[in-house]
2 protein chains.
Amino acid sequence: MKGDWTESFLGTRNLPRRVRDKLLHEARVVSYKQGQQVFGPDNIPDSLMFLHAGRIRVSQSSDAGREIVLYRVEAGESCVLTTACMLSEEAYNAEGIAETDVTAITLPKTSFDRLAAEEDSFRGFVFSAYSRRLIDLLRVVDDVAFGRMDVRLAERLLALGEGHSEIQATHQALANELGTAREVVSRILNDFQKRGLILQTRGRITLRNKPQLERLANSA
Amino acid sequence: MKGDWTESFLGTRNLPRRVRDKLLHEARVVSYKQGQQVFGPDNIPDSLMFLHAGRIRVSQSSDAGREIVLYRVEAGESCVLTTACMLSEEAYNAEGIAETDVTAITLPKTSFDRLAAEEDSFRGFVFSAYSRRLIDLLRVVDDVAFGRMDVRLAERLLALGEGHSEIQATHQALANELGTAREVVSRILNDFQKRGLILQTRGRITLRNKPQLERLANSA
DNA sequence: TGCGTTAAGTGACATTGTCACTGAAGAGTG
DNA sequence: CACTCTTCAGTGACAATGTCACTTAACGCA
């Protein structure tokens, strides 16, 4: 049972077996059901988390109830925001929600420190996790500060419809992805529909003209 | 001459003398004049930078020429964005400008790795630098995605006028801080002036009613 | 079938962003 | 000083986005 996910865990990151074994030796396995909150303002973890399976959506929400997705943590990645918070002891109002059922391993801070000291590859893994998130956030800032909403929405639709053309998502959910209001999404989607780019029914969107949507998405 | 800045460098971060000495032994000193670009899309550094004196403004700019300040690096801090970029090999369009004359030390990647392995305090310093930036960026996202422009502008004015009440800044400069357009800043400042909160002359703003500005800034 | 719940539409209005200008203040020069 | 040049700021019209207070539509289910 253990060898099962030992095999796959962090496999893509090329951590040597020795490091993986060390890591697993000190770690605890945790799991969350889809929809559960993994961390949040009232739920600050005291250990470092590495995702084994599933996906976590990290988003930030405003006092007024609006919401924006910052990035997603996929299997094999580490969730550095919790780390960041632990280390800097500052408040933040981001939260992580399990988008699928999730299993992860957590590492107590002391173990984290020791591993980081002893193992170059582990340290590199953590640094590069930080870097990736930093870059993700730069992208979010760029989008929000300078991007047009129709363009961003087109991007999201294409991402969600990759491989197929049917998207299950309410306008509200899309608004929460982009950090805007439902009404804005409705307006833009209605415009898309009038232009023949999509087709809408309750809770579902069909992409009718991907090339055109791509042109729109790339006209940023 | 060396003892001079050895003393002050990273002093506030409580790095032990031994670590400082190691660090300084392998480092090169670099300096920039006020206004010079320290790093940017066409100018990606290949080593890690730690700021000794001065201040660096890190901002991101859009294709359309708009600009937003992400954060500032102060003396004693490290500029992790360059690190992030180095490590993740991804493109980003942020740049760092020396806001004052700047001296910094740079550490080749190999030295960085070794120090991070050998010295807990150095590693902690770097991790916490990352964390702080991550949190800074969360704040920026929050502001841009959910904040009102008048509130954000009031905040900036108060920050710039801390300790005194005279601010030297053009509307364009303030717009670049906040990631908006000059016209928007002009509008809001004119409104502030009508309400008696400030007084404007060319290139200069006088804060006339800080308490009221604070109330506005905190009404986010 | 009717009911309750959730999703989406609507119109009016406020805020912010964009554009194409005009006007005003200071710097330098003869 | 008067004259230019440059930079800074003001303006009005319009577009895009955000907010509010609703209404209408679709679905799930008793």
# chains A, B, ... in the order shown; residues from 1 in each chain; ligands from 1
>>> closest_atom_pairs(of="chain A", to="chain C", cutoff="12 Å", atoms="only C-alpha atoms (C1' of nucleotides)", output="CSV")
residue,atom,partner,partner_atom,distance
A:Ala145,CA,C:DG17,C1',11.0
A:Phe146,CA,C:DG17,C1',10.0
A:Gly147,CA,C:DG17,C1',11.3
A:Arg148,CA,C:DG17,C1',10.5
A:Ala169,CA,C:DA7,C1',10.6
A:Thr170,CA,C:DA7,C1',7.3
A:His171,CA,C:DA8,C1',8.0
A:Gln172,CA,C:DA7,C1',8.7
A:Ala173,CA,C:DA7,C1',11.0
A:Arg182,CA,C:DA8,C1',9.2
A:Glu183,CA,C:DG9,C1',8.8
A:Val184,CA,C:DG9,C1',11.5
A:Val185,CA,C:DA8,C1',10.5
A:Ser186,CA,C:DA8,C1',7.5
A:Arg187,CA,C:DG9,C1',9.0
A:Leu189,CA,C:DA8,C1',11.0
A:Asn190,CA,C:DG9,C1',9.8
A:Gln200,CA,C:DA8,C1',10.5
A:Thr201,CA,C:DA8,C1',9.6
A:Arg202,CA,C:DA7,C1',6.5
A:Gly203,CA,C:DA7,C1',7.2
A:Arg204,CA,C:DA7,C1',10.7
>>> select_by_dssp(residues="stretch 27-56 of chain A", states="strand (DSSP E)", output="PyMOL selection string")
chain A and resi 28-32+37-39+47-53+55-56
>>> closest_residue(among="D:DT17, D:DT4, D:DC22, D:DC27", to="chain B", atoms="only C-alpha atoms (C1' of nucleotides)")
D:DT17
>>> closest_atom_pairs(of="chain D", to="chain A", cutoff="10 Å", atoms="only C-alpha atoms (C1' of nucleotides)", output="JSON lines")
{"residue": "D:DA16", "atom": "C1'", "partner": "A:Arg148", "partner_atom": "CA", "distance": 8.5}
{"residue": "D:DT17", "atom": "C1'", "partner": "A:Val184", "partner_atom": "CA", "distance": 7.3}
{"residue": "D:DG18", "atom": "C1'", "partner": "A:Ala181", "partner_atom": "CA", "distance": 7.2}
{"residue": "D:DT19", "atom": "C1'", "partner": "A:Ala181", "partner_atom": "CA", "distance": 8.9}
{"residue": "D:DA25", "atom": "C1'", "partner": "A:Arg202", "partner_atom": "CA", "distance": 9.3}
{"residue": "D:DA26", "atom": "C1'", "partner": "A:Arg202", "partner_atom": "CA", "distance": 6.9}
{"residue": "D:DC27", "atom": "C1'", "partner": "A:Arg202", "partner_atom": "CA", "distance": 8.9}
>>> write_last_selection(atoms="all heavy atoms", output="compact mmCIF listing (two decimals), in the first residue's frame")
# COMPACT_ATOMS: atom_id res chain seq x y z
P DA D 16 -16.36 48.61 -25.27
OP1 DA D 16 -15.44 47.83 -26.10
OP2 DA D 16 -17.83 48.46 -25.37
O5' DA D 16 -15.97 48.37 -23.75
C5' DA D 16 -14.61 48.47 -23.36
C4' DA D 16 -14.52 48.22 -21.88
O4' DA D 16 -15.20 49.27 -21.18
C3' DA D 16 -15.17 46.90 -21.42
O3' DA D 16 -14.19 46.24 -20.66
C2' DA D 16 -16.38 47.35 -20.61
C1' DA D 16 -15.96 48.73 -20.13
N9 DA D 16 -17.03 49.70 -19.91
C8 DA D 16 -18.02 50.06 -20.77
N7 DA D 16 -18.82 50.99 -20.30
C5 DA D 16 -18.30 51.25 -19.04
C6 DA D 16 -18.70 52.14 -18.03
N6 DA D 16 -19.75 52.96 -18.14
N1 DA D 16 -17.97 52.15 -16.89
C2 DA D 16 -16.92 51.33 -16.80
N3 DA D 16 -16.45 50.45 -17.67
C4 DA D 16 -17.20 50.47 -18.79
P DT D 17 -14.48 44.82 -20.02
OP1 DT D 17 -13.18 44.15 -19.85
OP2 DT D 17 -15.60 44.16 -20.70
O5' DT D 17 -14.96 45.26 -18.57
C5' DT D 17 -14.03 45.94 -17.73
C4' DT D 17 -14.71 46.32 -16.45
O4' DT D 17 -15.78 47.25 -16.71
C3' DT D 17 -15.36 45.16 -15.69
O3' DT D 17 -14.73 45.11 -14.44
C2' DT D 17 -16.84 45.52 -15.61
C1' DT D 17 -16.78 47.03 -15.76
N1 DT D 17 -17.98 47.72 -16.26
C2 DT D 17 -18.52 48.73 -15.49
O2 DT D 17 -18.06 49.06 -14.42
N3 DT D 17 -19.62 49.34 -16.04
C4 DT D 17 -20.21 49.05 -17.25
O4 DT D 17 -21.19 49.69 -17.62
C5 DT D 17 -19.61 48.00 -18.00
C7 DT D 17 -20.17 47.60 -19.33
C6 DT D 17 -18.53 47.39 -17.48
P DG D 18 -15.20 44.10 -13.32
OP1 DG D 18 -14.00 43.81 -12.51
OP2 DG D 18 -15.99 43.02 -13.92
O5' DG D 18 -16.18 45.01 -12.44
C5' DG D 18 -15.63 46.09 -11.69
C4' DG D 18 -16.68 46.65 -10.75
O4' DG D 18 -17.71 47.29 -11.53
C3' DG D 18 -17.40 45.62 -9.87
O3' DG D 18 -17.52 46.20 -8.57
C2' DG D 18 -18.74 45.43 -10.56
C1' DG D 18 -18.98 46.83 -11.12
N9 DG D 18 -19.84 46.92 -12.29
C8 DG D 18 -19.73 46.22 -13.47
N7 DG D 18 -20.64 46.55 -14.36
C5 DG D 18 -21.39 47.53 -13.72
C6 DG D 18 -22.50 48.25 -14.17
O6 DG D 18 -23.07 48.19 -15.26
N1 DG D 18 -22.96 49.14 -13.20
C2 DG D 18 -22.41 49.31 -11.95
N2 DG D 18 -22.98 50.20 -11.16
N3 DG D 18 -21.36 48.64 -11.52
C4 DG D 18 -20.91 47.77 -12.45
P DT D 19 -18.25 45.47 -7.38
OP1 DT D 19 -17.58 45.92 -6.14
OP2 DT D 19 -18.37 44.04 -7.71
O5' DT D 19 -19.70 46.11 -7.40
C5' DT D 19 -19.83 47.50 -7.22
C4' DT D 19 -21.29 47.86 -7.07
O4' DT D 19 -21.93 47.85 -8.36
C3' DT D 19 -22.10 46.91 -6.19
O3' DT D 19 -22.75 47.72 -5.23
C2' DT D 19 -23.05 46.21 -7.15
C1' DT D 19 -23.20 47.27 -8.24
N1 DT D 19 -23.54 46.81 -9.60
C2 DT D 19 -24.54 47.45 -10.26
O2 DT D 19 -25.18 48.37 -9.78
N3 DT D 19 -24.78 46.99 -11.53
C4 DT D 19 -24.12 45.96 -12.19
O4 DT D 19 -24.42 45.64 -13.32
C5 DT D 19 -23.08 45.33 -11.42
C7 DT D 19 -22.30 44.21 -12.05
C6 DT D 19 -22.84 45.78 -10.19
P DA D 25 -39.82 34.03 -18.35
OP1 DA D 25 -39.92 34.19 -19.81
OP2 DA D 25 -41.00 33.71 -17.52
O5' DA D 25 -38.71 32.92 -18.06
C5' DA D 25 -37.39 33.14 -18.52
C4' DA D 25 -36.53 31.97 -18.11
O4' DA D 25 -36.30 32.04 -16.68
C3' DA D 25 -37.17 30.61 -18.39
O3' DA D 25 -36.21 29.83 -19.05
C2' DA D 25 -37.54 30.08 -17.00
C1' DA D 25 -36.50 30.77 -16.11
N9 DA D 25 -36.90 31.03 -14.73
C8 DA D 25 -38.00 31.70 -14.29
N7 DA D 25 -38.08 31.81 -12.98
C5 DA D 25 -36.95 31.15 -12.54
C6 DA D 25 -36.44 30.91 -11.25
N6 DA D 25 -37.03 31.33 -10.13
N1 DA D 25 -35.28 30.23 -11.15
C2 DA D 25 -34.68 29.82 -12.27
N3 DA D 25 -35.05 29.99 -13.54
C4 DA D 25 -36.21 30.67 -13.59
P DA D 26 -36.55 28.38 -19.55
OP1 DA D 26 -35.84 28.17 -20.83
OP2 DA D 26 -38.01 28.16 -19.43
O5' DA D 26 -35.83 27.51 -18.44
C5' DA D 26 -34.40 27.50 -18.39
C4' DA D 26 -33.98 26.58 -17.29
O4' DA D 26 -34.53 27.08 -16.05
C3' DA D 26 -34.49 25.15 -17.45
O3' DA D 26 -33.36 24.30 -17.37
C2' DA D 26 -35.46 24.95 -16.28
C1' DA D 26 -34.99 26.00 -15.28
N9 DA D 26 -36.01 26.58 -14.41
C8 DA D 26 -37.20 27.16 -14.77
N7 DA D 26 -37.89 27.63 -13.77
C5 DA D 26 -37.10 27.35 -12.66
C6 DA D 26 -37.28 27.60 -11.29
N6 DA D 26 -38.34 28.22 -10.78
N1 DA D 26 -36.30 27.19 -10.45
C2 DA D 26 -35.23 26.58 -10.95
N3 DA D 26 -34.95 26.29 -12.23
C4 DA D 26 -35.94 26.71 -13.03
P DC D 27 -33.47 22.78 -17.71
OP1 DC D 27 -32.21 22.36 -18.35
OP2 DC D 27 -34.77 22.54 -18.37
O5' DC D 27 -33.52 22.13 -16.26
C5' DC D 27 -32.40 22.32 -15.40
C4' DC D 27 -32.81 21.97 -14.01
O4' DC D 27 -33.85 22.85 -13.57
C3' DC D 27 -33.39 20.56 -13.89
O3' DC D 27 -32.37 19.70 -13.38
C2' DC D 27 -34.61 20.74 -12.97
C1' DC D 27 -34.53 22.20 -12.54
N1 DC D 27 -35.84 22.90 -12.36
C2 DC D 27 -36.21 23.34 -11.09
O2 DC D 27 -35.45 23.13 -10.14
N3 DC D 27 -37.40 23.98 -10.92
C4 DC D 27 -38.19 24.19 -11.98
N4 DC D 27 -39.34 24.85 -11.77
C5 DC D 27 -37.84 23.76 -13.28
C6 DC D 27 -36.66 23.12 -13.43
>>> interface_residues(of="chain B", to="chain A", cutoff="7 Å", atoms="only C-alpha atoms", output="PyMOL selection string")
chain B and resi 62+84-85+87-88+117-118+128+131-132+134+137+141+144-146+179
>>> residues_around(residues="A:Glu162", least_positions_apart="6", cutoff="12 Å", atoms="only C-alpha atoms (C1' of nucleotides)", output="list of chain:residue names")
A:Glu155, A:Arg156, A:Thr206, A:Leu207, A:Lys210, A:Glu214
>>> residues_around(residues="B:Thr106", least_positions_apart="3", cutoff="8 Å", atoms="only C-alpha atoms (C1' of nucleotides)", output="PDB file with all heavy atoms, in the first residue's frame")
ATOM      1  N   ALA B  27      30.836  36.760  -2.151  1.00  0.00           N
ATOM      2  CA  ALA B  27      29.949  37.667  -2.882  1.00  0.00           C
ATOM      3  C   ALA B  27      30.734  38.708  -3.670  1.00  0.00           C
ATOM      4  O   ALA B  27      31.894  38.980  -3.399  1.00  0.00           O
ATOM      5  CB  ALA B  27      29.034  38.359  -1.896  1.00  0.00           C
ATOM      6  N   ARG B  28      30.058  39.259  -4.632  1.00  0.00           N
ATOM      7  CA  ARG B  28      30.585  40.433  -5.328  1.00  0.00           C
ATOM      8  C   ARG B  28      29.669  41.605  -4.990  1.00  0.00           C
ATOM      9  O   ARG B  28      28.463  41.449  -4.841  1.00  0.00           O
ATOM     10  CB  ARG B  28      30.568  40.210  -6.837  1.00  0.00           C
ATOM     11  CG  ARG B  28      31.733  39.378  -7.335  1.00  0.00           C
ATOM     12  CD  ARG B  28      31.816  39.388  -8.848  1.00  0.00           C
ATOM     13  NE  ARG B  28      30.492  39.363  -9.463  1.00  0.00           N
ATOM     14  CZ  ARG B  28      29.973  40.411 -10.095  1.00  0.00           C
ATOM     15  NH1 ARG B  28      30.633  41.544 -10.210  1.00  0.00           N
ATOM     16  NH2 ARG B  28      28.773  40.314 -10.627  1.00  0.00           N
ATOM     17  N   VAL B  29      30.275  42.763  -4.900  1.00  0.00           N
ATOM     18  CA  VAL B  29      29.490  43.958  -4.626  1.00  0.00           C
ATOM     19  C   VAL B  29      29.119  44.613  -5.950  1.00  0.00           C
ATOM     20  O   VAL B  29      29.947  44.722  -6.850  1.00  0.00           O
ATOM     21  CB  VAL B  29      30.284  44.959  -3.773  1.00  0.00           C
ATOM     22  CG1 VAL B  29      29.447  46.192  -3.507  1.00  0.00           C
ATOM     23  CG2 VAL B  29      30.734  44.309  -2.492  1.00  0.00           C
ATOM     24  N   VAL B  30      27.887  45.008  -6.078  1.00  0.00           N
ATOM     25  CA  VAL B  30      27.468  45.735  -7.274  1.00  0.00           C
ATOM     26  C   VAL B  30      26.735  46.993  -6.832  1.00  0.00           C
ATOM     27  O   VAL B  30      26.218  47.056  -5.718  1.00  0.00           O
ATOM     28  CB  VAL B  30      26.512  44.911  -8.156  1.00  0.00           C
ATOM     29  CG1 VAL B  30      27.223  43.729  -8.752  1.00  0.00           C
ATOM     30  CG2 VAL B  30      25.295  44.470  -7.371  1.00  0.00           C
ATOM     31  N   SER B  47      22.662  35.575 -10.837  1.00  0.00           N
ATOM     32  CA  SER B  47      23.048  35.296  -9.460  1.00  0.00           C
ATOM     33  C   SER B  47      22.018  35.907  -8.512  1.00  0.00           C
ATOM     34  O   SER B  47      21.150  36.659  -8.927  1.00  0.00           O
ATOM     35  CB  SER B  47      24.438  35.851  -9.181  1.00  0.00           C
ATOM     36  OG  SER B  47      24.622  37.087  -9.822  1.00  0.00           O
ATOM     37  N   LEU B  48      22.149  35.582  -7.264  1.00  0.00           N
ATOM     38  CA  LEU B  48      21.174  36.025  -6.287  1.00  0.00           C
ATOM     39  C   LEU B  48      21.582  37.359  -5.705  1.00  0.00           C
ATOM     40  O   LEU B  48      22.753  37.602  -5.470  1.00  0.00           O
ATOM     41  CB  LEU B  48      21.080  35.002  -5.161  1.00  0.00           C
ATOM     42  CG  LEU B  48      20.465  33.654  -5.522  1.00  0.00           C
ATOM     43  CD1 LEU B  48      19.075  33.865  -6.062  1.00  0.00           C
ATOM     44  CD2 LEU B  48      21.317  32.880  -6.503  1.00  0.00           C
ATOM     45  N   MET B  49      20.598  38.206  -5.430  1.00  0.00           N
ATOM     46  CA  MET B  49      20.932  39.544  -5.000  1.00  0.00           C
ATOM     47  C   MET B  49      20.406  39.863  -3.607  1.00  0.00           C
ATOM     48  O   MET B  49      19.262  39.582  -3.295  1.00  0.00           O
ATOM     49  CB  MET B  49      20.362  40.549  -5.979  1.00  0.00           C
ATOM     50  CG  MET B  49      21.415  41.486  -6.500  1.00  0.00           C
ATOM     51  SD  MET B  49      20.682  42.773  -7.483  1.00  0.00           S
ATOM     52  CE  MET B  49      19.325  43.242  -6.449  1.00  0.00           C
ATOM     53  N   PHE B  50      21.265  40.468  -2.823  1.00  0.00           N
ATOM     54  CA  PHE B  50      20.877  40.907  -1.488  1.00  0.00           C
ATOM     55  C   PHE B  50      21.192  42.380  -1.360  1.00  0.00           C
ATOM     56  O   PHE B  50      22.314  42.808  -1.611  1.00  0.00           O
ATOM     57  CB  PHE B  50      21.620  40.094  -0.432  1.00  0.00           C
ATOM     58  CG  PHE B  50      21.346  38.636  -0.550  1.00  0.00           C
ATOM     59  CD1 PHE B  50      22.096  37.848  -1.408  1.00  0.00           C
ATOM     60  CD2 PHE B  50      20.311  38.052   0.160  1.00  0.00           C
ATOM     61  CE1 PHE B  50      21.831  36.499  -1.549  1.00  0.00           C
ATOM     62  CE2 PHE B  50      20.043  36.700   0.026  1.00  0.00           C
ATOM     63  CZ  PHE B  50      20.797  35.922  -0.825  1.00  0.00           C
TER      64      PHE B  50
END
>>> atom_distance(atom1="atom CA of A:Arg55", atom2="atom CA of A:Pro211")
28.5 Å
>>> select_by_dssp(residues="stretch 34-203 of chain A", states="alpha helix (DSSP H)", output="ChimeraX atom specification")
/A:80-88,109-118,120-146,149-160,171-178,182-194
>>> write_last_selection(atoms="C-alpha atoms", output="short mmCIF file (atom, residue, chain, number, x, y, z; two decimals), in the first residue's frame")
data_model
loop_
_atom_site.label_atom_id
_atom_site.label_comp_id
_atom_site.auth_asym_id
_atom_site.auth_seq_id
_atom_site.Cartn_x
_atom_site.Cartn_y
_atom_site.Cartn_z
CA VAL A 80 3.85 26.93 -0.55
CA LEU A 81 1.27 29.44 0.55
CA THR A 82 0.76 27.63 3.79
CA THR A 83 4.50 27.54 4.16
CA ALA A 84 4.72 31.21 3.44
CA CYS A 85 2.15 31.98 6.03
CA MET A 86 3.77 29.78 8.63
CA LEU A 87 7.12 31.37 8.09
CA SER A 88 6.07 34.95 7.92
CA LYS A 109 8.49 22.05 10.39
CA THR A 110 11.46 20.43 12.07
CA SER A 111 11.57 17.64 9.52
CA PHE A 112 11.20 20.19 6.78
CA ASP A 113 14.18 22.10 8.08
CA ARG A 114 16.33 19.03 8.34
CA LEU A 115 15.44 17.76 4.90
CA ALA A 116 16.09 21.16 3.42
CA ALA A 117 19.50 21.15 5.06
CA GLU A 118 20.48 17.64 4.11
CA ASP A 120 19.90 19.46 -2.25
CA SER A 121 17.20 18.04 -4.41
CA PHE A 122 14.53 18.60 -1.79
CA ARG A 123 15.66 22.15 -1.28
CA GLY A 124 15.64 22.75 -4.99
CA PHE A 125 12.16 21.34 -5.19
CA VAL A 126 10.89 23.73 -2.56
CA PHE A 127 12.61 26.76 -4.03
CA SER A 128 11.24 26.02 -7.43
CA ALA A 129 7.77 25.56 -5.98
CA TYR A 130 8.00 29.04 -4.51
CA SER A 131 9.23 30.41 -7.76
CA ARG A 132 6.41 28.91 -9.74
CA ARG A 133 3.81 30.41 -7.44
CA LEU A 134 5.45 33.78 -7.54
CA ILE A 135 5.29 33.68 -11.31
CA ASP A 136 1.70 32.47 -11.22
CA LEU A 137 0.81 35.46 -9.10
CA LEU A 138 2.58 37.82 -11.46
CA ARG A 139 0.35 36.51 -14.17
CA VAL A 140 -2.75 37.06 -12.06
CA VAL A 141 -1.72 40.63 -11.30
CA ASP A 142 -1.10 41.26 -14.97
CA ASP A 143 -4.49 39.86 -15.94
CA VAL A 144 -6.45 41.67 -13.30
CA ALA A 145 -4.68 45.00 -13.63
CA PHE A 146 -4.39 45.19 -17.39
CA MET A 149 -12.65 40.71 -19.09
CA ASP A 150 -13.91 39.24 -22.36
CA VAL A 151 -10.40 38.13 -23.22
CA ARG A 152 -9.85 36.56 -19.83
CA LEU A 153 -13.19 34.82 -19.99
CA ALA A 154 -12.43 33.45 -23.44
CA GLU A 155 -9.15 32.09 -22.08
CA ARG A 156 -10.90 30.35 -19.23
CA LEU A 157 -13.52 28.84 -21.47
CA LEU A 158 -10.87 27.42 -23.73
CA ALA A 159 -8.92 26.04 -20.78
CA LEU A 160 -12.02 24.44 -19.33
CA HIS A 171 -21.86 32.05 -14.45
CA GLN A 172 -21.21 32.57 -10.76
CA ALA A 173 -18.43 29.96 -10.78
CA LEU A 174 -16.78 31.62 -13.75
CA ALA A 175 -17.07 34.99 -12.07
CA ASN A 176 -15.32 33.54 -9.03
CA GLU A 177 -12.50 32.30 -11.23
CA LEU A 178 -11.92 35.71 -12.68
CA ARG A 182 -21.82 37.22 -12.09
CA GLU A 183 -23.65 39.90 -14.05
CA VAL A 184 -20.48 40.76 -15.90
CA VAL A 185 -19.95 37.16 -16.92
CA SER A 186 -23.58 36.89 -18.02
CA ARG A 187 -23.26 39.98 -20.18
CA ILE A 188 -20.13 38.78 -21.89
CA LEU A 189 -21.39 35.23 -22.39
CA ASN A 190 -24.58 36.58 -23.93
CA ASP A 191 -22.47 38.60 -26.27
CA PHE A 192 -20.42 35.50 -27.12
CA GLN A 193 -23.63 33.63 -27.83
CA LYS A 194 -24.98 36.36 -30.08
#
>>> atom_distance(atom1="atom CA of B:Arg72", atom2="atom CA of B:Ser219")
24.6 Å
